[in-house]
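With TSV, C-alpha atoms (C1' of nucleotides) inside, this is coords25.tsv:
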chain	number	residue	atom	x	y	z
A	1	MET	CA	18.89	70.43	-22.13
A	2	LYS	CA	17.28	72.81	-24.60
A	3	ARG	CA	13.88	73.99	-23.55
A	4	ASN	CA	11.96	73.69	-26.73
A	5	HIS	CA	8.78	75.19	-25.48
A	6	GLU	CA	8.34	78.24	-23.34
A	7	TRP	CA	5.88	76.47	-21.05
A	8	ILE	CA	7.96	73.44	-20.42
A	9	ASN	CA	10.86	72.75	-18.11
A	10	ASN	CA	13.37	70.33	-19.65
A	11	PHE	CA	10.72	68.53	-21.59
A	12	ASN	CA	11.35	64.97	-22.74
A	13	GLU	CA	8.52	63.10	-24.37
A	14	TRP	CA	9.79	59.59	-23.61
A	15	ILE	CA	10.54	60.16	-19.97
A	16	MET	CA	7.22	61.90	-19.65
A	17	SER	CA	5.23	58.93	-20.93
A	18	ALA	CA	7.43	56.48	-19.02
A	19	CYS	CA	6.52	58.11	-15.72
A	20	ARG	CA	2.92	58.64	-16.78
A	21	SER	CA	3.28	62.40	-17.10
A	22	ASN	CA	4.18	62.79	-13.46
A	23	MET	CA	7.26	64.81	-14.14
A	24	ASP	CA	9.52	66.75	-11.89
A	25	ILE	CA	12.86	65.78	-13.30
A	26	LYS	CA	16.01	67.81	-13.16
A	27	PHE	CA	19.33	67.04	-14.70
A	28	VAL	CA	22.09	67.38	-12.13
A	29	TRP	CA	24.99	69.06	-13.86
A	30	SER	CA	27.47	69.83	-11.17
A	31	GLY	CA	28.33	69.57	-7.51
A	32	SER	CA	26.78	72.89	-6.70
A	33	ASP	CA	23.65	71.83	-8.56
A	34	ALA	CA	23.52	68.69	-6.48
A	35	LYS	CA	23.95	70.64	-3.26
A	36	ALA	CA	21.24	73.08	-4.18
A	37	LEU	CA	18.90	70.21	-5.01
A	38	ALA	CA	19.66	68.37	-1.80
A	39	TYR	CA	18.82	71.54	0.10
A	40	TYR	CA	15.64	72.06	-1.88
A	41	VAL	CA	14.41	68.52	-1.41
A	42	THR	CA	15.15	68.40	2.31
A	43	ASP	CA	13.50	71.72	2.81
A	44	TYR	CA	10.52	70.62	0.79
A	45	VAL	CA	10.07	67.35	2.62
A	46	THR	CA	10.56	68.69	6.13
A	47	LYS	CA	8.78	71.98	5.83
A	48	SER	CA	6.35	72.52	8.63
A	49	SER	CA	3.11	73.99	7.52
A	50	LEU	CA	3.29	76.62	10.24
A	51	SER	CA	6.60	78.22	11.06
A	52	PHE	CA	7.66	78.85	14.63
A	53	HIS	CA	7.28	82.63	14.67
A	54	ASP	CA	3.86	82.33	13.06
A	55	SER	CA	2.59	79.93	15.66
A	56	LEU	CA	4.07	82.03	18.45
A	57	ALA	CA	2.24	85.10	17.16
A	58	LEU	CA	-0.97	83.13	16.97
A	59	MET	CA	-0.60	81.87	20.51
A	60	ILE	CA	0.02	85.39	21.81
A	61	LYS	CA	-3.10	86.55	20.04
A	62	ALA	CA	-5.06	83.70	21.58
A	63	THR	CA	-3.78	84.58	25.04
A	64	LYS	CA	-4.71	88.21	24.66
A	65	ASP	CA	-8.20	87.39	23.48
A	66	PHE	CA	-8.57	84.99	26.35
A	67	ASP	CA	-7.50	87.55	28.95
A	68	LYS	CA	-9.86	90.14	27.53
A	69	LYS	CA	-12.86	87.88	27.55
A	70	GLN	CA	-12.32	85.86	30.67
A	71	SER	CA	-10.93	88.48	33.04
A	72	ASP	CA	-14.14	88.75	35.05
A	73	SER	CA	-14.96	85.05	35.24
A	74	SER	CA	-14.57	83.42	38.63
A	75	ASP	CA	-13.89	79.84	37.45
A	76	ASN	CA	-11.29	77.83	39.24
A	77	ILE	CA	-7.72	77.74	37.99
A	78	HIS	CA	-7.96	74.28	36.40
A	79	GLU	CA	-10.94	75.16	34.33
A	80	ARG	CA	-9.27	78.40	33.25
A	81	SER	CA	-6.08	76.70	32.11
A	82	ARG	CA	-8.07	74.06	30.30
A	83	ARG	CA	-9.95	76.73	28.40
A	84	LEU	CA	-6.72	78.55	27.60
A	85	LEU	CA	-5.15	75.46	26.14
A	86	LEU	CA	-8.25	74.72	24.14
A	87	LYS	CA	-8.34	78.25	22.82
A	88	MET	CA	-4.69	78.06	21.76
A	89	HIS	CA	-5.19	74.75	20.09
A	90	ASN	CA	-8.20	75.96	18.18
A	91	THR	CA	-6.39	79.08	17.03
A	92	LEU	CA	-3.47	77.04	15.80
A	93	ALA	CA	-5.62	74.42	14.17
A	94	SER	CA	-7.81	76.94	12.40
A	95	GLN	CA	-4.77	78.65	10.89
A	96	GLN	CA	-3.33	75.35	9.68
A	97	GLU	CA	-3.37	75.04	5.93
A	98	LEU	CA	-4.91	71.86	4.60
A	99	SER	CA	-4.92	70.85	0.97
A	100	GLY	CA	-8.10	69.80	-0.75
A	101	VAL	CA	-6.75	66.31	-1.15
A	102	GLN	CA	-6.01	66.08	2.58
A	103	VAL	CA	-9.50	67.18	3.51
A	104	ALA	CA	-11.15	64.87	1.02
A	105	SER	CA	-9.19	61.82	2.09
A	106	TYR	CA	-9.90	62.60	5.75
A	107	ILE	CA	-13.63	62.85	5.13
A	108	LEU	CA	-13.64	59.68	3.05
A	109	ASN	CA	-11.78	57.80	5.79
A	110	PHE	CA	-8.81	56.98	3.60
A	111	PRO	CA	-5.82	55.54	5.45
A	112	ASP	CA	-2.78	57.60	6.32
A	113	HIS	CA	-0.48	55.53	4.22
A	114	TYR	CA	-0.56	52.89	1.53
A	115	THR	CA	1.81	50.05	0.86
A	116	THR	CA	1.85	48.60	-2.60
A	117	HIS	CA	3.39	45.33	-1.45
A	118	GLU	CA	3.20	42.84	1.39
A	119	PHE	CA	6.41	41.70	3.04
A	120	GLN	CA	7.88	38.50	4.35
A	121	LYS	CA	10.97	38.19	6.50
A	122	ILE	CA	13.95	35.93	5.87
A	123	TYR	CA	16.26	35.44	8.84
A	124	LEU	CA	19.66	35.08	7.23
A	125	ILE	CA	21.83	34.37	10.24
A	126	GLY	CA	20.38	30.95	11.00
A	127	ILE	CA	20.76	29.78	7.45
A	128	GLU	CA	24.27	31.15	7.31
A	129	ASN	CA	25.28	29.29	10.45
A	130	HIS	CA	23.74	26.07	9.19
A	131	LEU	CA	25.56	26.35	5.91
A	132	GLU	CA	28.91	27.00	7.57
A	133	LYS	CA	28.54	23.99	9.81
A	134	CYS	CA	27.65	21.75	6.88
A	135	LEU	CA	30.60	23.01	4.89
A	136	GLN	CA	32.92	22.22	7.77
A	137	ASP	CA	31.42	18.76	8.05
A	138	ALA	CA	31.97	18.21	4.36
A	139	LYS	CA	35.58	19.26	4.67
A	140	THR	CA	36.30	16.93	7.55
A	141	GLN	CA	34.58	14.17	5.63
A	142	GLN	CA	36.83	14.74	2.67
A	143	GLU	CA	39.90	14.62	4.85
A	144	ASN	CA	39.10	11.24	6.34
A	145	GLY	CA	37.30	9.89	3.31
A	146	SER	CA	37.40	6.34	4.50
A	147	ASN	CA	34.88	6.97	7.27
A	148	MET	CA	32.57	8.85	4.96
A	149	ILE	CA	29.53	6.64	5.22
A	150	GLU	CA	29.78	6.35	8.97
A	151	ASN	CA	30.06	10.07	9.30
A	152	GLN	CA	27.04	10.63	7.15
A	153	THR	CA	24.77	8.52	9.27
A	154	TYR	CA	26.22	10.11	12.33
A	155	ALA	CA	25.48	13.54	10.97
A	156	GLN	CA	21.91	12.59	10.16
A	157	ILE	CA	21.16	11.23	13.57
A	158	HIS	CA	22.71	14.09	15.44
A	159	GLU	CA	21.64	16.87	13.18
A	160	PHE	CA	19.01	18.22	15.51
A	161	GLU	CA	21.01	18.17	18.68
A	162	ASP	CA	23.96	19.80	16.99
A	163	ASP	CA	21.79	22.48	15.53
A	164	LEU	CA	20.29	23.27	18.86
A	165	ASP	CA	23.50	23.27	20.83
A	166	VAL	CA	26.24	24.55	18.62
A	167	LEU	CA	24.48	26.94	16.30
A	168	ASN	CA	22.30	29.82	17.14
A	169	GLU	CA	19.85	28.71	14.55
A	170	HIS	CA	16.39	29.74	15.64
A	171	PHE	CA	13.68	27.15	15.82
A	172	LEU	CA	9.99	27.45	16.43
A	173	ILE	CA	8.08	24.87	18.35
A	174	GLU	CA	5.00	23.96	16.38
A	175	SER	CA	2.42	21.21	16.48
A	176	ALA	CA	2.50	18.24	14.15
A	177	GLU	CA	0.11	15.30	13.90
A	178	ASN	CA	-1.31	13.88	17.16
A	179	ASN	CA	-0.49	17.11	18.96
A	180	LYS	CA	3.17	16.17	18.89
A	181	MET	CA	5.50	19.16	19.12
A	182	VAL	CA	8.37	19.52	16.70
A	183	PHE	CA	11.21	21.94	15.99
A	184	VAL	CA	10.92	23.66	12.64
A	185	ASN	CA	12.04	26.80	10.88
A	186	SER	CA	11.97	28.25	7.41
A	187	ARG	CA	15.16	26.47	6.42
A	188	ILE	CA	13.61	23.09	7.14
A	189	ASP	CA	10.44	24.10	5.34
A	190	TYR	CA	12.49	25.02	2.32
A	191	GLN	CA	14.70	21.94	2.34
A	192	HIS	CA	11.77	19.56	2.49
A	193	ARG	CA	9.55	21.29	-0.03
A	194	ASP	CA	7.70	19.23	-2.60
A	195	ASN	CA	9.73	17.95	-5.55
A	196	THR	CA	7.74	20.04	-8.00
A	197	LEU	CA	9.22	23.11	-6.35
A	198	ASN	CA	12.80	22.08	-7.10
A	199	ASN	CA	13.50	25.17	-9.16
A	200	TYR	CA	12.50	27.67	-6.52
A	201	CYS	CA	15.37	29.36	-4.77
A	202	LEU	CA	14.93	30.30	-1.14
A	203	TYR	CA	14.19	33.90	-2.04
A	204	ASP	CA	11.37	33.04	-4.42
A	205	PHE	CA	10.15	30.34	-2.07
A	206	THR	CA	9.56	32.77	0.78
A	207	SER	CA	8.10	35.22	-1.64
A	208	TRP	CA	5.50	32.79	-2.99
A	209	PHE	CA	4.65	30.25	-0.30
A	210	ARG	CA	3.29	30.09	3.20
A	211	LYS	CA	2.82	27.23	5.60
A	212	LYS	CA	-0.71	26.34	6.53
A	213	LYS	CA	-2.33	23.80	8.78
A	214	ILE	CA	-4.28	21.24	6.77
A	215	ASP	CA	-8.05	21.37	7.03
A	216	GLU	CA	-10.82	19.43	5.30
A	217	ASN	CA	-11.01	21.84	2.41
A	218	ASP	CA	-7.28	21.47	1.72
A	219	LYS	CA	-7.62	17.69	1.68
A	220	ARG	CA	-10.43	17.93	-0.86
A	221	ILE	CA	-8.47	20.28	-3.11
A	222	LEU	CA	-5.31	18.15	-2.90
A	223	ALA	CA	-7.32	15.08	-3.87
A	224	LYS	CA	-8.87	16.96	-6.78
A	225	THR	CA	-5.49	18.02	-8.22
A	226	ASN	CA	-4.31	14.40	-8.06
A	227	GLU	CA	-7.24	13.27	-10.20
A	228	GLU	CA	-6.23	15.75	-12.94
A	229	THR	CA	-9.83	16.20	-13.98
A	230	THR	CA	-10.27	19.37	-15.97
A	231	SER	CA	-13.92	19.94	-15.14
A	232	ILE	CA	-15.05	23.54	-15.20
A	233	SER	CA	-15.86	24.65	-11.68
A	234	ARG	CA	-17.62	27.79	-10.64
A	235	GLY	CA	-16.26	30.30	-8.22
A	236	ARG	CA	-12.78	31.51	-7.46
A	237	PRO	CA	-10.12	28.98	-8.45
A	238	SER	CA	-8.11	27.59	-5.59
A	239	ASN	CA	-4.44	28.43	-5.23
A	240	GLU	CA	-1.74	25.82	-5.68
A	241	ARG	CA	-1.06	23.58	-2.70
A	242	TYR	CA	1.92	21.33	-2.06
A	243	LYS	CA	2.82	18.74	0.52
A	244	PHE	CA	6.09	18.63	2.39
A	245	LEU	CA	8.36	15.67	1.74
A	246	PRO	CA	7.97	12.81	4.24
A	247	GLN	CA	11.23	13.89	5.93
A	248	HIS	CA	9.55	17.06	7.11
A	249	PRO	CA	8.29	16.77	10.69
A	250	GLN	CA	5.00	18.35	9.68
A	251	HIS	CA	4.48	16.24	6.59
A	252	PHE	CA	1.05	15.09	7.74
A	253	SER	CA	-0.18	18.20	9.46
A	254	HIS	CA	0.81	21.12	7.25
A	255	ILE	CA	0.98	22.08	3.59
A	256	LEU	CA	2.51	24.81	1.48
A	257	MET	CA	0.07	27.20	-0.10
A	258	LYS	CA	0.90	29.65	-2.84
A	259	TRP	CA	-0.02	33.27	-2.35
A	260	THR	CA	-2.15	34.92	-4.98
A	261	LYS	CA	0.33	37.80	-5.11
A	262	PRO	CA	4.01	37.29	-4.32
A	263	ARG	CA	5.40	39.02	-1.25
A	264	VAL	CA	8.63	40.94	-1.04
A	265	PRO	CA	11.22	39.11	1.05
A	266	VAL	CA	13.00	41.28	3.57
A	267	LEU	CA	16.47	40.02	4.41
A	268	ILE	CA	17.14	40.20	8.10
A	269	GLY	CA	20.65	39.50	9.18
A	270	PRO	CA	24.21	40.78	9.19
A	271	MET	CA	25.03	43.77	7.02
A	272	ILE	CA	27.56	43.68	4.23
A	273	PRO	CA	30.93	43.66	5.96
A	274	ARG	CA	33.04	46.42	4.48
A	275	ARG	CA	36.39	46.23	6.15
A	276	GLU	CA	36.11	42.77	7.60
A	277	ARG	CA	38.49	39.92	7.29
A	278	ASP	CA	38.16	37.96	4.07
A	279	GLU	CA	36.79	34.99	5.94
A	280	THR	CA	33.78	36.95	7.13
A	281	LYS	CA	33.17	38.33	3.69
A	282	GLU	CA	33.28	34.87	2.26
A	283	ARG	CA	30.74	33.68	4.77
A	284	TYR	CA	28.49	36.54	3.85
A	285	TYR	CA	28.65	35.94	0.12
A	286	ARG	CA	28.02	32.25	0.62
A	287	ALA	CA	24.93	33.04	2.66
A	288	ILE	CA	23.62	35.35	-0.05
A	289	LEU	CA	24.25	32.60	-2.57
A	290	THR	CA	21.99	30.24	-0.66
A	291	LEU	CA	19.16	32.67	-1.28
A	292	PHE	CA	19.30	32.79	-5.04
A	293	VAL	CA	20.42	29.32	-6.03
A	294	PRO	CA	17.92	26.47	-5.71
A	295	TRP	CA	19.20	23.77	-3.40
A	296	ARG	CA	17.85	20.89	-1.43
A	297	THR	CA	20.55	18.84	0.19
A	298	ILE	CA	23.57	20.34	1.80
A	299	THR	CA	25.76	18.59	-0.76
A	300	ASP	CA	24.08	20.63	-3.50
A	301	LEU	CA	24.90	23.73	-1.60
A	302	CYS	CA	28.48	22.73	-0.95
A	303	ASP	CA	29.02	22.06	-4.63
A	304	VAL	CA	27.64	25.46	-5.53
A	305	THR	CA	29.66	27.32	-2.96
A	306	GLU	CA	32.80	25.49	-4.03
A	307	THR	CA	32.44	26.79	-7.56
B	1	DA	C1'	-24.59	40.46	-32.00
B	2	DG	C1'	-21.70	41.93	-28.79
B	3	DA	C1'	-20.85	44.74	-24.58
B	4	DA	C1'	-21.98	45.78	-20.12
B	5	DT	C1'	-23.94	44.79	-15.94
B	6	DC	C1'	-25.83	41.91	-12.43
B	7	DA	C1'	-26.15	37.61	-9.83
B	8	DT	C1'	-24.14	33.67	-7.94
B	9	DC	C1'	-20.59	30.75	-6.36
B	10	DT	C1'	-16.23	29.49	-4.32
B	11	DT	C1'	-11.92	30.55	-2.29
B	12	DC	C1'	-8.54	33.77	-0.16
B	13	DG	C1'	-6.82	36.05	3.67
B	14	DT	C1'	-7.33	39.04	7.70
B	15	DC	C1'	-9.33	40.15	12.12
B	16	DG	C1'	-11.16	39.73	16.55
B	17	DG	C1'	-13.20	37.04	19.98
B	18	DA	C1'	-13.06	32.53	22.36
B	19	DT	C1'	-10.34	29.14	24.43
B	20	DT	C1'	-6.59	27.05	26.63
C	1	DA	C1'	-0.25	35.39	26.76
C	2	DA	C1'	-0.54	32.52	22.96
C	3	DT	C1'	-3.13	30.08	19.86
C	4	DC	C1'	-7.19	28.59	17.52
C	5	DC	C1'	-11.11	29.26	14.82
C	6	DG	C1'	-15.07	31.16	12.76
C	7	DA	C1'	-16.88	35.34	10.53
C	8	DC	C1'	-16.71	38.31	6.94
C	9	DG	C1'	-15.39	41.15	3.13
C	10	DA	C1'	-12.50	40.90	-1.10
C	11	DA	C1'	-11.24	38.56	-5.15
C	12	DG	C1'	-11.97	36.17	-9.13
C	13	DA	C1'	-14.38	33.06	-11.78
C	14	DT	C1'	-18.95	31.66	-14.53
C	15	DG	C1'	-23.58	32.35	-16.18
C	16	DA	C1'	-27.80	35.19	-16.96
C	17	DT	C1'	-29.86	39.30	-18.26
C	18	DT	C1'	-30.13	43.86	-20.10
C	19	DC	C1'	-28.51	47.54	-23.05
C	20	DT	C1'	-26.72	49.59	-27.34

Please rewrite the model in this file as structure tokens.
Amino acid sequence: MKRNHEWINNFNEWIMSACRSNMDIKFVWSGSDAKALAYYVTDYVTKSSLSFHDSLALMIKATKDFDKKQSDSSDNIHERSRRLLLKMHNTLASQQELSGVQVASYILNFPDHYTTHEFQKIYLIGIENHLEKCLQDAKTQQENGSNMIENQTYAQIHEFEDDLDVLNEHFLIESAENNKMVFVNSRIDYQHRDNTLNNYCLYDFTSWFRKKKIDENDKRILAKTNEETTSISRGRPSNERYKFLPQHPQHFSHILMKWTKPRVPVLIGPMIPRRERDETKERYYRAILTLFVPWRTITDLCDVTET
DNA sequence: AGAATCATCTTCGTCGGATT
DNA sequence: AATCCGACGAAGATGATTCT
């Protein structure tokens, strides 16, 4: 906390280089310190560049000027009010302080905001519901173990209907080969990803991959990667492409394509339950688990959630 | 000789207009 | 209104040419 140099406020070499010399750091000692800082920051962030009494004074000045100048004019009332408003606006705008940076970026047509990352949504609730249903199925299977095989086939056949009826899992209707329409969603895309992507968890999967309709170029590139020829080609190298497993309804019509830069998954779904029943909490934690543990079949997932 | 720059090539990824 | 599709600029690679 010692200030070792009279020019410097709480100087720390390492922090300074870590944040590339962009330093406005303050150590928060006490509660009153924290309060003072909170006040300072809020005030700083929300300060209007022109305070209310200033702008009122300016508007009064504008009105006076207007009355002086325009008293003899015989324009109609609409035109007069229009001019008054314009005058007020101009007075206000001309008194507005603008920083050099603001002006420069306006003239250079810079955007109003930047985002350093692109985002991709994950809808948690559907996956959570699916998982819960599968867990229940597994439990009932265990209980009457003798009928296990029968149950399994039953579950496979009726998977779609059950999903649509019982769960609120959201499906999209998309085209497959021969203009056939199929039900798909990100869960199905993930489950039937190519075997080389086994180690991707759902979170990384959504962050790295997107679904794309196959075109001629994709076919060519897929064929080239199969040949494994390491010939040097000019131009930008193509991104990785993967097929869906044959179980996927869009196996023939769509592929997975890797982004050049990963996107940031945004989890959309229920919030962390704070004072909920344990059962709900459990459900929630299980759902989160499905995001960060690679899985393919529901049995994988059940095993993981058991442990 | 090595770097810096320019030219060319190919693919990525978004946008807006056309189409259904 | 939704979807498709082509256009186009950006990105990222190689190769050629110029500069130091």

>> Please list as a VMD selection string every residue within 12 Å of DT14 (chain C), counting only C-alpha atoms (C1' of nucleotides) and excluding residues in the same chain fewer than 3 positions away.
In response: (chain A and resid 232 to 237) or (chain B and resid 7 to 10)

> Could you list, as a PyMOL selection string, every residue of chain C that has an atom within 9 Å of an atom of chain A, counting all atoms listed in the file?
Replying inline: chain C and resi 11-14

> When you draw a straight line from C1' of DG9 (chain C) to C1' of DT14 (chain B), how long is it in Å?
Replying inline: 9.5 Å

>> Can you measure C1' of DA16 (chain C) to C1' of DT5 (chain B) for me? One decimal in Å is fine.
In response: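 These two atoms are separated by 10.4 Å.
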
Edge lengths and centre in Å, axis-aligned, region 12-17 of chain B plus 8 Å each side, as AutoDock Vina command-line options:
--center_x -10.0 --center_y 37.0 --center_z 9.9 --size_x 22.4 --size_y 22.4 --size_z 36.1

> Hey, which of B:DC6, B:DA1, B:DC15, B:DT20 ends up closest to DT18 (chain C)? Count only C-alpha atoms (C1' of nucleotides).
Replying inline: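 That would be B:DC6, the residue with the smallest distance to DT18 (chain C).
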
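From CA of Leu256 (chain A) back to CA of Phe244 (chain A), the distance works out to 7.2 Å.
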
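Among the candidate residues A:Ser238, A:Asn129, A:Ser55, A:Gln95, the one lying nearest to chain B is A:Ser238, with distances computed using only C-alpha atoms (C1' of nucleotides).
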
>> Using only C-alpha atoms (C1' of nucleotides) - which residues lie no farther than 8 Å from the point (-24.4, 46.3, -24.8) in the file's frame? Write them as an MDAnalysis selection string.
In response: (chainID B and resid 2:4) or (chainID C and resid 18:20)
